[in-house]
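**Student:** Supplied structure: work06.pdb, PDB, C-alpha atoms and all ligand atoms.
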ATOM      1  CA  MET A  26      20.505  -6.900  21.194
ATOM      2  CA  SER A  27      19.730  -7.187  17.517
ATOM      3  CA  ALA A  28      16.164  -6.504  16.363
ATOM      4  CA  LYS A  29      13.843  -9.063  14.871
ATOM      5  CA  ILE A  30      13.700  -8.436  11.122
ATOM      6  CA  ILE A  31      10.067  -8.351  10.002
ATOM      7  CA  LYS A  32      10.192 -10.131   6.659
ATOM      8  CA  GLY A  33       7.378  -8.789   4.493
ATOM      9  CA  ILE A  34       8.192 -11.317   1.778
ATOM     10  CA  GLU A  35       7.375 -14.209   4.114
ATOM     11  CA  VAL A  36       4.171 -12.664   5.497
ATOM     12  CA  ALA A  37       3.068 -11.737   1.957
ATOM     13  CA  ALA A  38       3.680 -15.331   0.794
ATOM     14  CA  LEU A  39       1.432 -16.591   3.601
ATOM     15  CA  VAL A  40      -1.389 -14.168   2.694
ATOM     16  CA  ARG A  41      -1.056 -15.153  -0.984
ATOM     17  CA  GLU A  42      -1.495 -18.831  -0.061
ATOM     18  CA  GLU A  43      -4.758 -17.869   1.691
ATOM     19  CA  LEU A  44      -5.826 -15.857  -1.364
ATOM     20  CA  LYS A  45      -5.126 -18.799  -3.702
ATOM     21  CA  ILE A  46      -7.689 -20.852  -1.773
ATOM     22  CA  ARG A  47     -10.283 -18.052  -1.960
ATOM     23  CA  VAL A  48      -9.661 -17.683  -5.725
ATOM     24  CA  GLN A  49     -10.086 -21.460  -6.147
ATOM     25  CA  LYS A  50     -13.469 -21.286  -4.376
ATOM     26  CA  LEU A  51     -14.578 -18.464  -6.699
ATOM     27  CA  LYS A  52     -13.429 -20.406  -9.760
ATOM     28  CA  GLU A  53     -15.514 -23.398  -8.632
ATOM     29  CA  LYS A  54     -18.499 -21.022  -8.910
ATOM     30  CA  GLY A  55     -17.371 -20.013 -12.415
ATOM     31  CA  ILE A  56     -15.923 -16.664 -11.322
ATOM     32  CA  THR A  57     -12.374 -15.502 -12.065
ATOM     33  CA  PRO A  58     -11.467 -12.280 -10.233
ATOM     34  CA  GLY A  59     -10.101  -9.615 -12.612
ATOM     35  CA  LEU A  60      -7.701  -6.730 -11.962
ATOM     36  CA  GLY A  61      -7.044  -3.891 -14.404
ATOM     37  CA  VAL A  62      -3.946  -1.688 -14.255
ATOM     38  CA  VAL A  63      -3.549   1.541 -16.222
ATOM     39  CA  LEU A  64      -0.001   2.774 -16.735
ATOM     40  CA  VAL A  65       0.672   6.117 -18.443
ATOM     41  CA  GLY A  66       4.310   6.610 -19.432
ATOM     42  CA  GLU A  67       7.398   4.630 -18.498
ATOM     43  CA  ASP A  68       8.487   5.903 -15.090
ATOM     44  CA  PRO A  69      10.928   3.129 -14.032
ATOM     45  CA  ALA A  70       9.579   2.786 -10.490
ATOM     46  CA  SER A  71       5.985   2.644 -11.786
ATOM     47  CA  VAL A  72       6.940   0.013 -14.385
ATOM     48  CA  SER A  73       8.491  -2.140 -11.660
ATOM     49  CA  TYR A  74       5.386  -1.788  -9.398
ATOM     50  CA  VAL A  75       3.052  -2.637 -12.277
ATOM     51  CA  THR A  76       5.161  -5.693 -13.174
ATOM     52  CA  ALA A  77       4.946  -6.885  -9.552
ATOM     53  CA  LYS A  78       1.134  -6.479  -9.641
ATOM     54  CA  ALA A  79       0.883  -8.589 -12.829
ATOM     55  CA  LYS A  80       3.188 -11.278 -11.398
ATOM     56  CA  GLY A  81       1.263 -11.407  -8.113
ATOM     57  CA  SER A  82      -2.034 -11.777  -9.977
ATOM     58  CA  ALA A  83      -0.681 -14.703 -12.018
ATOM     59  CA  GLU A  84       0.666 -16.316  -8.846
ATOM     60  CA  ILE A  85      -2.736 -16.414  -7.114
ATOM     61  CA  GLY A  86      -4.658 -17.254 -10.312
ATOM     62  CA  ILE A  87      -6.561 -14.037 -11.003
ATOM     63  CA  PHE A  88      -7.013 -12.385 -14.407
ATOM     64  CA  GLU A  89      -4.890  -9.260 -14.848
ATOM     65  CA  GLN A  90      -4.610  -6.836 -17.725
ATOM     66  CA  THR A  91      -2.243  -3.863 -17.898
ATOM     67  CA  ILE A  92      -3.239  -1.077 -20.275
ATOM     68  CA  ASN A  93      -0.161   0.897 -21.331
ATOM     69  CA  PHE A  94      -0.375   4.456 -22.650
ATOM     70  CA  PRO A  95       2.490   6.656 -23.893
ATOM     71  CA  ALA A  96       3.422   9.545 -21.559
ATOM     72  CA  ASP A  97       1.898  12.173 -23.912
ATOM     73  CA  THR A  98      -1.566  10.540 -24.030
ATOM     74  CA  PRO A  99      -4.309  13.205 -23.651
ATOM     75  CA  GLU A 100      -6.252  13.147 -20.378
ATOM     76  CA  GLU A 101      -9.439  12.447 -22.343
ATOM     77  CA  GLU A 102      -8.035   9.085 -23.565
ATOM     78  CA  VAL A 103      -7.156   7.988 -20.038
ATOM     79  CA  LEU A 104     -10.658   8.984 -18.853
ATOM     80  CA  LYS A 105     -12.121   6.854 -21.673
ATOM     81  CA  ALA A 106     -10.040   3.865 -20.503
ATOM     82  CA  VAL A 107     -11.324   4.389 -16.935
ATOM     83  CA  ASP A 108     -14.887   4.501 -18.291
ATOM     84  CA  ARG A 109     -14.350   1.193 -20.153
ATOM     85  CA  LEU A 110     -12.946  -0.467 -17.020
ATOM     86  CA  ASN A 111     -15.840   0.889 -14.914
ATOM     87  CA  LYS A 112     -18.274  -0.825 -17.285
ATOM     88  CA  ASP A 113     -16.409  -4.073 -18.102
ATOM     89  CA  PRO A 114     -17.623  -6.916 -15.838
ATOM     90  CA  LYS A 115     -14.341  -8.853 -16.380
ATOM     91  CA  PHE A 116     -12.709  -6.424 -13.921
ATOM     92  CA  ASN A 117     -13.706  -6.540 -10.258
ATOM     93  CA  GLY A 118     -11.218  -3.797  -9.524
ATOM     94  CA  PHE A 119      -8.660  -1.624 -11.245
ATOM     95  CA  LEU A 120      -6.194   1.158 -10.561
ATOM     96  CA  VAL A 121      -4.400   3.924 -12.373
ATOM     97  CA  GLN A 122      -0.733   3.863 -11.429
ATOM     98  CA  LEU A 123       0.525   7.110  -9.867
ATOM     99  CA  PRO A 124       2.241   9.486 -10.399
ATOM    100  CA  LEU A 125       0.575  10.550 -13.647
ATOM    101  CA  PRO A 126       2.253  12.870 -16.188
ATOM    102  CA  LYS A 127       1.759  16.553 -15.250
ATOM    103  CA  HIS A 128      -0.786  17.317 -17.997
ATOM    104  CA  ILE A 129      -3.217  14.782 -16.473
ATOM    105  CA  SER A 130      -5.220  15.692 -13.368
ATOM    106  CA  THR A 131      -4.815  12.922 -10.772
ATOM    107  CA  ASP A 132      -7.948  14.108  -8.945
ATOM    108  CA  LYS A 133     -10.043  14.054 -12.115
ATOM    109  CA  ILE A 134      -8.937  10.492 -12.936
ATOM    110  CA  ILE A 135      -9.451   9.156  -9.398
ATOM    111  CA  ASN A 136     -12.870  10.823  -9.088
ATOM    112  CA  PHE A 137     -13.912   9.117 -12.334
ATOM    113  CA  ILE A 138     -13.158   5.581 -11.051
ATOM    114  CA  SER A 139     -16.304   3.799  -9.897
ATOM    115  CA  PRO A 140     -15.986   3.540  -6.070
ATOM    116  CA  GLU A 141     -17.035  -0.149  -6.239
ATOM    117  CA  LYS A 142     -14.087  -0.921  -8.545
ATOM    118  CA  ASP A 143     -11.524   1.281  -6.780
ATOM    119  CA  ALA A 144      -8.853  -1.371  -6.005
ATOM    120  CA  ASP A 145      -6.610   1.256  -4.333
ATOM    121  CA  GLY A 146      -9.320   2.777  -2.110
ATOM    122  CA  PHE A 147      -8.324   6.267  -3.327
ATOM    123  CA  HIS A 148     -11.786   7.514  -4.445
ATOM    124  CA  PRO A 149     -13.148  10.264  -2.137
ATOM    125  CA  VAL A 150     -16.222   8.114  -1.407
ATOM    126  CA  ASN A 151     -13.977   5.321  -0.119
ATOM    127  CA  VAL A 152     -11.740   7.758   1.777
ATOM    128  CA  GLY A 153     -14.900   9.022   3.509
ATOM    129  CA  LYS A 154     -16.066   5.487   4.270
ATOM    130  CA  LEU A 155     -12.656   4.658   5.739
ATOM    131  CA  LEU A 156     -12.839   7.672   8.069
ATOM    132  CA  ARG A 157     -16.351   6.682   9.119
ATOM    133  CA  GLY A 158     -15.343   3.038   9.699
ATOM    134  CA  GLU A 159     -17.661   1.695   6.976
ATOM    135  CA  PRO A 160     -16.683  -1.312   4.818
ATOM    136  CA  CYS A 161     -14.632  -0.184   1.787
ATOM    137  CA  PRO A 162     -11.520  -1.179  -0.200
ATOM    138  CA  LEU A 163      -8.604  -0.305   2.078
ATOM    139  CA  PRO A 164      -5.591   1.600   0.675
ATOM    140  CA  CYS A 165      -3.004  -1.081  -0.014
ATOM    141  CA  THR A 166       0.103   0.242   1.750
ATOM    142  CA  PRO A 167      -1.659   1.174   5.028
ATOM    143  CA  TYR A 168      -3.590  -2.128   4.940
ATOM    144  CA  GLY A 169      -0.293  -3.960   4.341
ATOM    145  CA  VAL A 170       1.382  -2.172   7.277
ATOM    146  CA  LEU A 171      -1.462  -3.206   9.585
ATOM    147  CA  GLN A 172      -1.407  -6.823   8.405
ATOM    148  CA  LEU A 173       2.369  -6.943   8.747
ATOM    149  CA  LEU A 174       2.199  -5.689  12.344
ATOM    150  CA  VAL A 175      -0.633  -7.985  13.433
ATOM    151  CA  ARG A 176       0.708 -11.098  11.692
ATOM    152  CA  SER A 177       4.196 -10.531  13.136
ATOM    153  CA  GLY A 178       2.850 -10.363  16.682
ATOM    154  CA  TYR A 179       3.010  -6.573  17.075
ATOM    155  CA  SER A 180      -0.660  -5.609  17.143
ATOM    156  CA  PRO A 181      -1.043  -1.820  17.406
ATOM    157  CA  GLU A 182      -3.924  -2.181  19.880
ATOM    158  CA  GLY A 183      -3.420   0.227  22.792
ATOM    159  CA  LYS A 184      -0.014   1.266  21.472
ATOM    160  CA  HIS A 185       1.229   4.745  20.605
ATOM    161  CA  VAL A 186       1.929   4.738  16.862
ATOM    162  CA  VAL A 187       3.838   7.695  15.454
ATOM    163  CA  VAL A 188       3.306   8.066  11.706
ATOM    164  CA  CYS A 189       5.863  10.261   9.931
ATOM    165  CA  GLY A 190       4.335  11.523   6.683
ATOM    166  CA  ARG A 191       0.868  12.787   5.730
ATOM    167  CA  SER A 192       0.435  11.675   2.110
ATOM    168  CA  ASN A 193      -2.967  10.670   0.741
ATOM    169  CA  ILE A 194      -1.495   7.247  -0.174
ATOM    170  CA  VAL A 195       0.125   6.326   3.172
ATOM    171  CA  GLY A 196       0.167   8.725   6.142
ATOM    172  CA  LYS A 197      -3.423   9.983   6.232
ATOM    173  CA  PRO A 198      -5.207   6.678   5.460
ATOM    174  CA  LEU A 199      -2.875   4.773   7.817
ATOM    175  CA  ALA A 200      -3.796   7.109  10.683
ATOM    176  CA  ALA A 201      -7.497   6.609   9.823
ATOM    177  CA  LEU A 202      -7.072   2.801   9.862
ATOM    178  CA  LEU A 203      -5.110   2.734  13.118
ATOM    179  CA  ILE A 204      -7.684   4.732  15.093
ATOM    180  CA  GLN A 205     -10.592   2.442  14.107
ATOM    181  CA  LYS A 206     -12.402   0.921  17.060
ATOM    182  CA  LYS A 207     -11.635  -2.580  15.789
ATOM    183  CA  LYS A 208      -9.522  -5.601  16.630
ATOM    184  CA  GLY A 209      -6.020  -5.150  15.198
ATOM    185  CA  ALA A 210      -6.337  -1.327  15.265
ATOM    186  CA  ASN A 211      -7.398   0.723  18.329
ATOM    187  CA  ALA A 212      -4.086   2.590  18.508
ATOM    188  CA  THR A 213      -3.273   6.065  19.791
ATOM    189  CA  VAL A 214      -1.852   7.894  16.789
ATOM    190  CA  THR A 215       0.386  10.913  16.309
ATOM    191  CA  VAL A 216       0.946  12.119  12.744
ATOM    192  CA  CYS A 217       4.163  14.074  12.126
ATOM    193  CA  HIS A 218       4.912  15.989   8.932
ATOM    194  CA  THR A 219       7.092  18.724   7.441
ATOM    195  CA  GLY A 220       5.371  21.267   9.693
ATOM    196  CA  THR A 221       6.284  19.341  12.874
ATOM    197  CA  LYS A 222       8.590  21.555  14.960
ATOM    198  CA  ASP A 223      10.529  18.972  16.987
ATOM    199  CA  LEU A 224      10.310  15.599  15.201
ATOM    200  CA  PRO A 225      12.565  13.624  17.622
ATOM    201  CA  TYR A 226      10.375  14.758  20.566
ATOM    202  CA  PHE A 227       7.514  12.776  19.017
ATOM    203  CA  THR A 228       9.396   9.833  17.471
ATOM    204  CA  LYS A 229      11.037   9.063  20.856
ATOM    205  CA  GLN A 230       7.558   8.475  22.310
ATOM    206  CA  ALA A 231       6.594   5.839  19.719
ATOM    207  CA  ASP A 232       5.878   2.215  20.634
ATOM    208  CA  ILE A 233       5.546   1.727  16.873
ATOM    209  CA  LEU A 234       7.125   4.137  14.414
ATOM    210  CA  VAL A 235       6.036   4.268  10.766
ATOM    211  CA  ALA A 236       8.353   6.182   8.428
ATOM    212  CA  ALA A 237       6.657   7.322   5.209
ATOM    213  CA  MET A 238       8.462  10.506   4.274
ATOM    214  CA  GLY A 239      10.336   9.554   1.114
ATOM    215  CA  VAL A 240      13.681  10.804   2.459
ATOM    216  CA  PRO A 241      16.649   8.416   2.944
ATOM    217  CA  LYS A 242      17.849   8.184   6.565
ATOM    218  CA  ALA A 243      15.247  10.762   7.709
ATOM    219  CA  ILE A 244      14.893   8.710  10.904
ATOM    220  CA  THR A 245      18.111   7.892  12.756
ATOM    221  CA  ALA A 246      18.747   5.596  15.739
ATOM    222  CA  ASP A 247      18.938   8.499  18.219
ATOM    223  CA  MET A 248      15.358   9.431  17.289
ATOM    224  CA  ILE A 249      13.761   6.224  18.631
ATOM    225  CA  ARG A 250      13.530   4.684  22.062
ATOM    226  CA  GLU A 251      14.990   1.268  22.908
ATOM    227  CA  GLY A 252      12.455  -1.457  22.035
ATOM    228  CA  CYS A 253      10.496   0.502  19.415
ATOM    229  CA  VAL A 254       8.933  -1.428  16.498
ATOM    230  CA  VAL A 255       9.909   0.267  13.226
ATOM    231  CA  ILE A 256       7.984   0.016   9.957
ATOM    232  CA  ASP A 257       9.842   1.612   7.065
ATOM    233  CA  VAL A 258       7.545   2.474   4.153
ATOM    234  CA  GLY A 259      10.172   4.515   2.273
ATOM    235  CA  VAL A 260      11.415   3.302  -1.109
ATOM    236  CA  ASN A 261      14.234   5.581  -2.258
ATOM    237  CA  ARG A 262      16.636   4.994  -5.133
ATOM    238  CA  VAL A 263      20.182   6.070  -4.240
ATOM    239  CA  PRO A 264      23.045   5.981  -6.764
ATOM    240  CA  ASP A 265      25.357   2.969  -6.310
ATOM    241  CA  PRO A 266      28.028   2.373  -8.975
ATOM    242  CA  THR A 267      28.644  -1.151  -7.579
ATOM    243  CA  ALA A 268      25.025  -2.199  -8.251
ATOM    244  CA  THR A 269      24.151  -3.646 -11.689
ATOM    245  CA  LYS A 270      21.313  -1.126 -12.161
ATOM    246  CA  GLY A 271      23.467   1.782 -10.927
ATOM    247  CA  PHE A 272      21.261   2.347  -7.874
ATOM    248  CA  ARG A 273      20.023   0.577  -4.763
ATOM    249  CA  LEU A 274      16.825   0.852  -2.790
ATOM    250  CA  VAL A 275      16.884   2.269   0.734
ATOM    251  CA  GLY A 276      14.099   3.175   3.140
ATOM    252  CA  ASP A 277      13.552   6.293   5.254
ATOM    253  CA  CYS A 278      15.320   4.789   8.293
ATOM    254  CA  ASP A 279      18.971   4.242   9.126
ATOM    255  CA  PHE A 280      18.423   0.463   9.173
ATOM    256  CA  GLU A 281      21.902  -0.657  10.261
ATOM    257  CA  ALA A 282      22.033   1.583  13.348
ATOM    258  CA  MET A 283      18.360   1.155  14.237
ATOM    259  CA  LYS A 284      18.417  -2.639  14.206
ATOM    260  CA  GLU A 285      20.685  -2.488  17.273
ATOM    261  CA  LYS A 286      18.104  -0.469  19.202
ATOM    262  CA  ALA A 287      14.676  -1.491  17.914
ATOM    263  CA  GLU A 288      12.630  -4.483  19.072
ATOM    264  CA  ALA A 289      11.753  -5.225  15.433
ATOM    265  CA  ILE A 290      12.265  -3.499  12.076
ATOM    266  CA  THR A 291      11.258  -3.981   8.434
ATOM    267  CA  PRO A 292      14.000  -4.098   5.791
ATOM    268  CA  VAL A 293      13.924  -2.219   2.466
ATOM    269  CA  PRO A 294      13.491  -3.951   0.087
ATOM    270  CA  GLY A 295      11.544  -6.994   1.336
ATOM    271  CA  GLY A 296       9.483  -5.296   4.069
ATOM    272  CA  VAL A 297       6.326  -3.318   3.345
ATOM    273  CA  GLY A 298       6.668  -3.477  -0.482
ATOM    274  CA  PRO A 299       5.550  -7.115  -0.990
ATOM    275  CA  MET A 300       2.630  -6.504   1.402
ATOM    276  CA  THR A 301       1.345  -3.538  -0.645
ATOM    277  CA  VAL A 302       0.987  -5.645  -3.797
ATOM    278  CA  THR A 303      -0.575  -8.480  -1.813
ATOM    279  CA  MET A 304      -3.249  -6.214  -0.310
ATOM    280  CA  LEU A 305      -4.143  -5.026  -3.806
ATOM    281  CA  LEU A 306      -4.749  -8.675  -4.702
ATOM    282  CA  MET A 307      -6.780  -9.057  -1.490
ATOM    283  CA  ASN A 308      -8.986  -6.064  -2.454
ATOM    284  CA  THR A 309      -9.587  -7.583  -5.907
ATOM    285  CA  VAL A 310     -10.499 -10.999  -4.497
ATOM    286  CA  GLU A 311     -12.760  -9.369  -1.885
ATOM    287  CA  SER A 312     -14.540  -7.349  -4.563
ATOM    288  CA  ALA A 313     -15.161 -10.555  -6.587
ATOM    289  CA  GLU A 314     -16.451 -12.295  -3.464
ATOM    290  CA  ARG A 315     -18.840  -9.391  -2.822
ATOM    291  CA  THR A 316     -20.117  -9.562  -6.424
ATOM    292  CA  ALA A 317     -20.590 -13.335  -6.038
ATOM    293  CA  GLY A 318     -22.625 -12.770  -2.859
ATOM    294  CA  LEU A 319     -20.039 -14.522  -0.707
ATOM    295  CA  LEU A 320     -19.564 -11.417   1.468
ATOM    296  CA  LYS A 321     -21.976  -9.003   3.093
TER     297      LYS A 321
HETATM  298  N1  LIG B   1       2.117   4.803  -6.768
HETATM  299  C1  LIG B   1       2.781   4.528  -5.621
HETATM  300  N2  LIG B   1       2.006   3.776  -4.799
HETATM  301  C2  LIG B   1       0.827   3.589  -5.435
HETATM  302  C3  LIG B   1      -0.366   2.894  -5.101
HETATM  303  O1  LIG B   1      -0.518   2.303  -4.026
HETATM  304  N3  LIG B   1      -1.348   2.924  -6.051
HETATM  305  C4  LIG B   1      -1.217   3.589  -7.232
HETATM  306  N4  LIG B   1      -2.251   3.583  -8.094
HETATM  307  N5  LIG B   1      -0.116   4.254  -7.576
HETATM  308  C5  LIG B   1       0.897   4.249  -6.668
END
For this file, produce the structure as structure tokens.
**Tutor:**
Amino acid sequence: MSAKIIKGIEVAALVREELKIRVQKLKEKGITPGLGVVLVGEDPASVSYVTAKAKGSAEIGIFEQTINFPADTPEEEVLKAVDRLNKDPKFNGFLVQLPLPKHISTDKIINFISPEKDADGFHPVNVGKLLRGEPCPLPCTPYGVLQLLVRSGYSPEGKHVVVCGRSNIVGKPLAALLIQKKKGANATVTVCHTGTKDLPYFTKQADILVAAMGVPKAITADMIREGCVVIDVGVNRVPDPTATKGFRLVGDCDFEAMKEKAEAITPVPGGVGPMTVTMLLMNTVESAERTAGLLK
């Protein structure tokens, strides 16, 4: 039996239609939500993510401004830009695209973002709120994974979710989201990582498997059980001389083999990626709604 392909592009398009209506309502009150994006350097993957964020903003009708800095910009200049964005009421939320050049401290920059304007939900205050189950901007990729599961009919409630990867951007916040005592969460979660001794022992127990390791084909078909739902967060560039750009994107899972065994699986590209950008837009709209007194 061939798995259902969970098309992130389609789910993201649906969420964006809902966001357009919310933006329209804000505009009727004279409010245009604003998103700021800071990009330091020209890392090709970062440039493509930032372009997608600008396009998504235009699509739903929110104001977006990308501030570009050369790769050798001193840390002090980037901190000044963060300070300006913290203070500028045009921006309901903003983010600094990661990774940053080595001479800039990621922690210092993130800690300097005002928690109320933290569109990524990366500030330690928001990370703490997430763990405690308090309202806060939710990290976009984990939020997108949850929305993708629920909206595709695979709610994680009561399921055993095995998360492979423990990054601050995906693995850790996703585990925190999944264990919340809330509708659409309430899962039993196992987090596997590079220190896990017998990875297949755990992955074979998953009702839902999330691969966020950043390694092509790290998860193979023999590592999952029949009927597992697979969410592939990996975005890896592998050389491909037949492709116009000289590379193609692959996830962390052996998609072709796994689609014969899984109940459902996300493709790469076109799975989690479009959801990540969409949840960033959702966070920005939500922040504007909160400022306008439309939310608690
Ligand atoms: N780089 C890769 N993913 C992300 C993300 O979600 N936010 C930011 N700021 N940088 C990233």
**Student:** What is the distance, in Å and to one decimal place, between CA of Asp132 in chain A and CA of Pro160 in chain A?
**Tutor:** 22.4 Å
**Student:** Around ligand LIG 1 (chain B), at most 6 Å away and counting only C-alpha atoms and all ligand atoms, which residues are there? Put them as a list of chain:residue names, please.
**Tutor:** A:Leu120, A:Val121, A:Gln122, A:Leu123, A:Pro124, A:Asp145, A:Cys165
**Student:** What does the file look like for those residues with C-alpha atoms, as a PDB file, keeping the file's coordinate frame?
**Tutor:**
ATOM      1  CA  LEU A 120      -6.194   1.158 -10.561  1.00  0.00           C
ATOM      2  CA  VAL A 121      -4.400   3.924 -12.373  1.00  0.00           C
ATOM      3  CA  GLN A 122      -0.733   3.863 -11.429  1.00  0.00           C
ATOM      4  CA  LEU A 123       0.525   7.110  -9.867  1.00  0.00           C
ATOM      5  CA  PRO A 124       2.241   9.486 -10.399  1.00  0.00           C
ATOM      6  CA  ASP A 145      -6.610   1.256  -4.333  1.00  0.00           C
ATOM      7  CA  CYS A 165      -3.004  -1.081  -0.014  1.00  0.00           C
TER       8      CYS A 165
END
**Student:** Report as a PyMOL selection string the full result of the PyMOL selection byres (((chain A and resi 255-264) around 9) and not hetatm) when it is applied to this structure.
**Tutor:** chain A and resi 31+166+170+174+195+232-241+249+253-254+265-266+268+271-278+280+283+287-294+296-298
**Student:** Near Ala96 in chain A, within 10 Å and counting all atoms listed in the file, which residues show up once chain neighbours fewer than 5 positions away are dropped, as a list of chain:residue names?
**Tutor:** A:Leu64, A:Val65, A:Gly66, A:Glu67, A:Asp68, A:Leu125, A:Pro126, A:Lys127, A:His128, A:Ile129
**Student:** Record the distance separating CA of Met26 in chain A and CA of Gly190 in chain A, expressed in Å with one decimal.
**Tutor:** 28.5 Å
**Student:** Just the number, please: distance in Å from CA of Leu155 in chain A to CA of Ala212 in chain A, one decimal.
**Tutor:**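 Interatomic distance here is 15.5 Å.
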**Student:** Need the shell around Gly169 in chain A: protein/DNA/RNA residues with any atom at most 8 Å away, counting all atoms listed in the file. Skip same-chain ones fewer than 6 positions apart. Format as an MDAnalysis selection string?
**Tutor:** chainID A and resid 297 300:301 303:304
**Student:** Skipping near chain neighbours, those fewer than 2 positions away, what residues fall within 10 Å of Thr215 in chain A using only C-alpha atoms, listed as a list in words?
**Tutor:**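 Surrounding residues, per the criterion: His185, Val186, Val187, Val188, Cys189, Ala200, Ala212, Thr213, Cys217, Phe227, Thr228, Gln230, Ala231 and Leu234 of chain A.
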**Student:** Write a file of the just-selected residues containing C-alpha atoms, as a PDB file, in the coordinates of the input.
**Tutor:**
ATOM      1  CA  HIS A 185       1.229   4.745  20.605  1.00  0.00           C
ATOM      2  CA  VAL A 186       1.929   4.738  16.862  1.00  0.00           C
ATOM      3  CA  VAL A 187       3.838   7.695  15.454  1.00  0.00           C
ATOM      4  CA  VAL A 188       3.306   8.066  11.706  1.00  0.00           C
ATOM      5  CA  CYS A 189       5.863  10.261   9.931  1.00  0.00           C
ATOM      6  CA  ALA A 200      -3.796   7.109  10.683  1.00  0.00           C
ATOM      7  CA  ALA A 212      -4.086   2.590  18.508  1.00  0.00           C
ATOM      8  CA  THR A 213      -3.273   6.065  19.791  1.00  0.00           C
ATOM      9  CA  CYS A 217       4.163  14.074  12.126  1.00  0.00           C
ATOM     10  CA  PHE A 227       7.514  12.776  19.017  1.00  0.00           C
ATOM     11  CA  THR A 228       9.396   9.833  17.471  1.00  0.00           C
ATOM     12  CA  GLN A 230       7.558   8.475  22.310  1.00  0.00           C
ATOM     13  CA  ALA A 231       6.594   5.839  19.719  1.00  0.00           C
ATOM     14  CA  LEU A 234       7.125   4.137  14.414  1.00  0.00           C
TER      15      LEU A 234
END
**Student:** Using the chain letters and numbering of this document, enumerate as number ranges by chain the residues selected by the PyMOL selection byres (((chain A and resi 201) around 12) and not hetatm).
**Tutor:** A: 151-159, 163-164, 167-168, 171, 186, 188, 191, 193-200, 202-207, 210-216
**Student:** With the PyMOL selection byres (((chain A and resi 305) around 12) and not hetatm) as the selection, what would be picked from this file? Answer as a VMD selection string, please.
**Tutor:** chain A and resid 37 40 to 41 44 59 to 62 74 to 75 77 to 79 81 to 82 85 87 89 117 to 120 142 to 146 162 to 169 298 to 304 306 to 312
**Student:** Could you check the closest approach to Ile46 in chain A for each of A:Glu84, A:Met248, A:Asp113, A:Lys270 and tell me which residue wins, using all atoms listed in the file?
**Tutor:**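 Comparing A:Glu84, A:Met248, A:Asp113, A:Lys270 against Ile46 in chain A, the winner is A:Glu84.
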**Student:** List as a PDB file with C-alpha atoms, in the coordinates of the input the protein and nucleic acid residues near Ile135 in chain A, meaning an atom at most 8 Å away when all atoms listed in the file are counted, but skip any in the same chain fewer than 2 places from it.
**Tutor:**
ATOM      1  CA  VAL A 121      -4.400   3.924 -12.373  1.00  0.00           C
ATOM      2  CA  THR A 131      -4.815  12.922 -10.772  1.00  0.00           C
ATOM      3  CA  ASP A 132      -7.948  14.108  -8.945  1.00  0.00           C
ATOM      4  CA  LYS A 133     -10.043  14.054 -12.115  1.00  0.00           C
ATOM      5  CA  PHE A 137     -13.912   9.117 -12.334  1.00  0.00           C
ATOM      6  CA  ILE A 138     -13.158   5.581 -11.051  1.00  0.00           C
ATOM      7  CA  PHE A 147      -8.324   6.267  -3.327  1.00  0.00           C
ATOM      8  CA  HIS A 148     -11.786   7.514  -4.445  1.00  0.00           C
TER       9      HIS A 148
END
**Student:** Could you check which of A:Tyr179, A:Ile244, A:Leu173, A:Ala317 is closest to Glu53 in chain A, using all atoms listed in the file?
**Tutor:** A:Ala317
**Student:** Which of these residues is nearest to Ala313 in chain A, using only C-alpha atoms: A:Ile56, A:Ile34, A:Leu110, A:Val175?
**Tutor:**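 Answer, going by the shortest atom-to-atom distance: A:Ile56.
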**Student:** Given the choices A:Ser139, A:Ser192, A:Thr221, A:Ser71, which gets closest to Lys112 in chain A if the distance is worked out from all atoms listed in the file?
**Tutor:**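 Among the listed residues, A:Ser139 lies closest to Lys112 in chain A.
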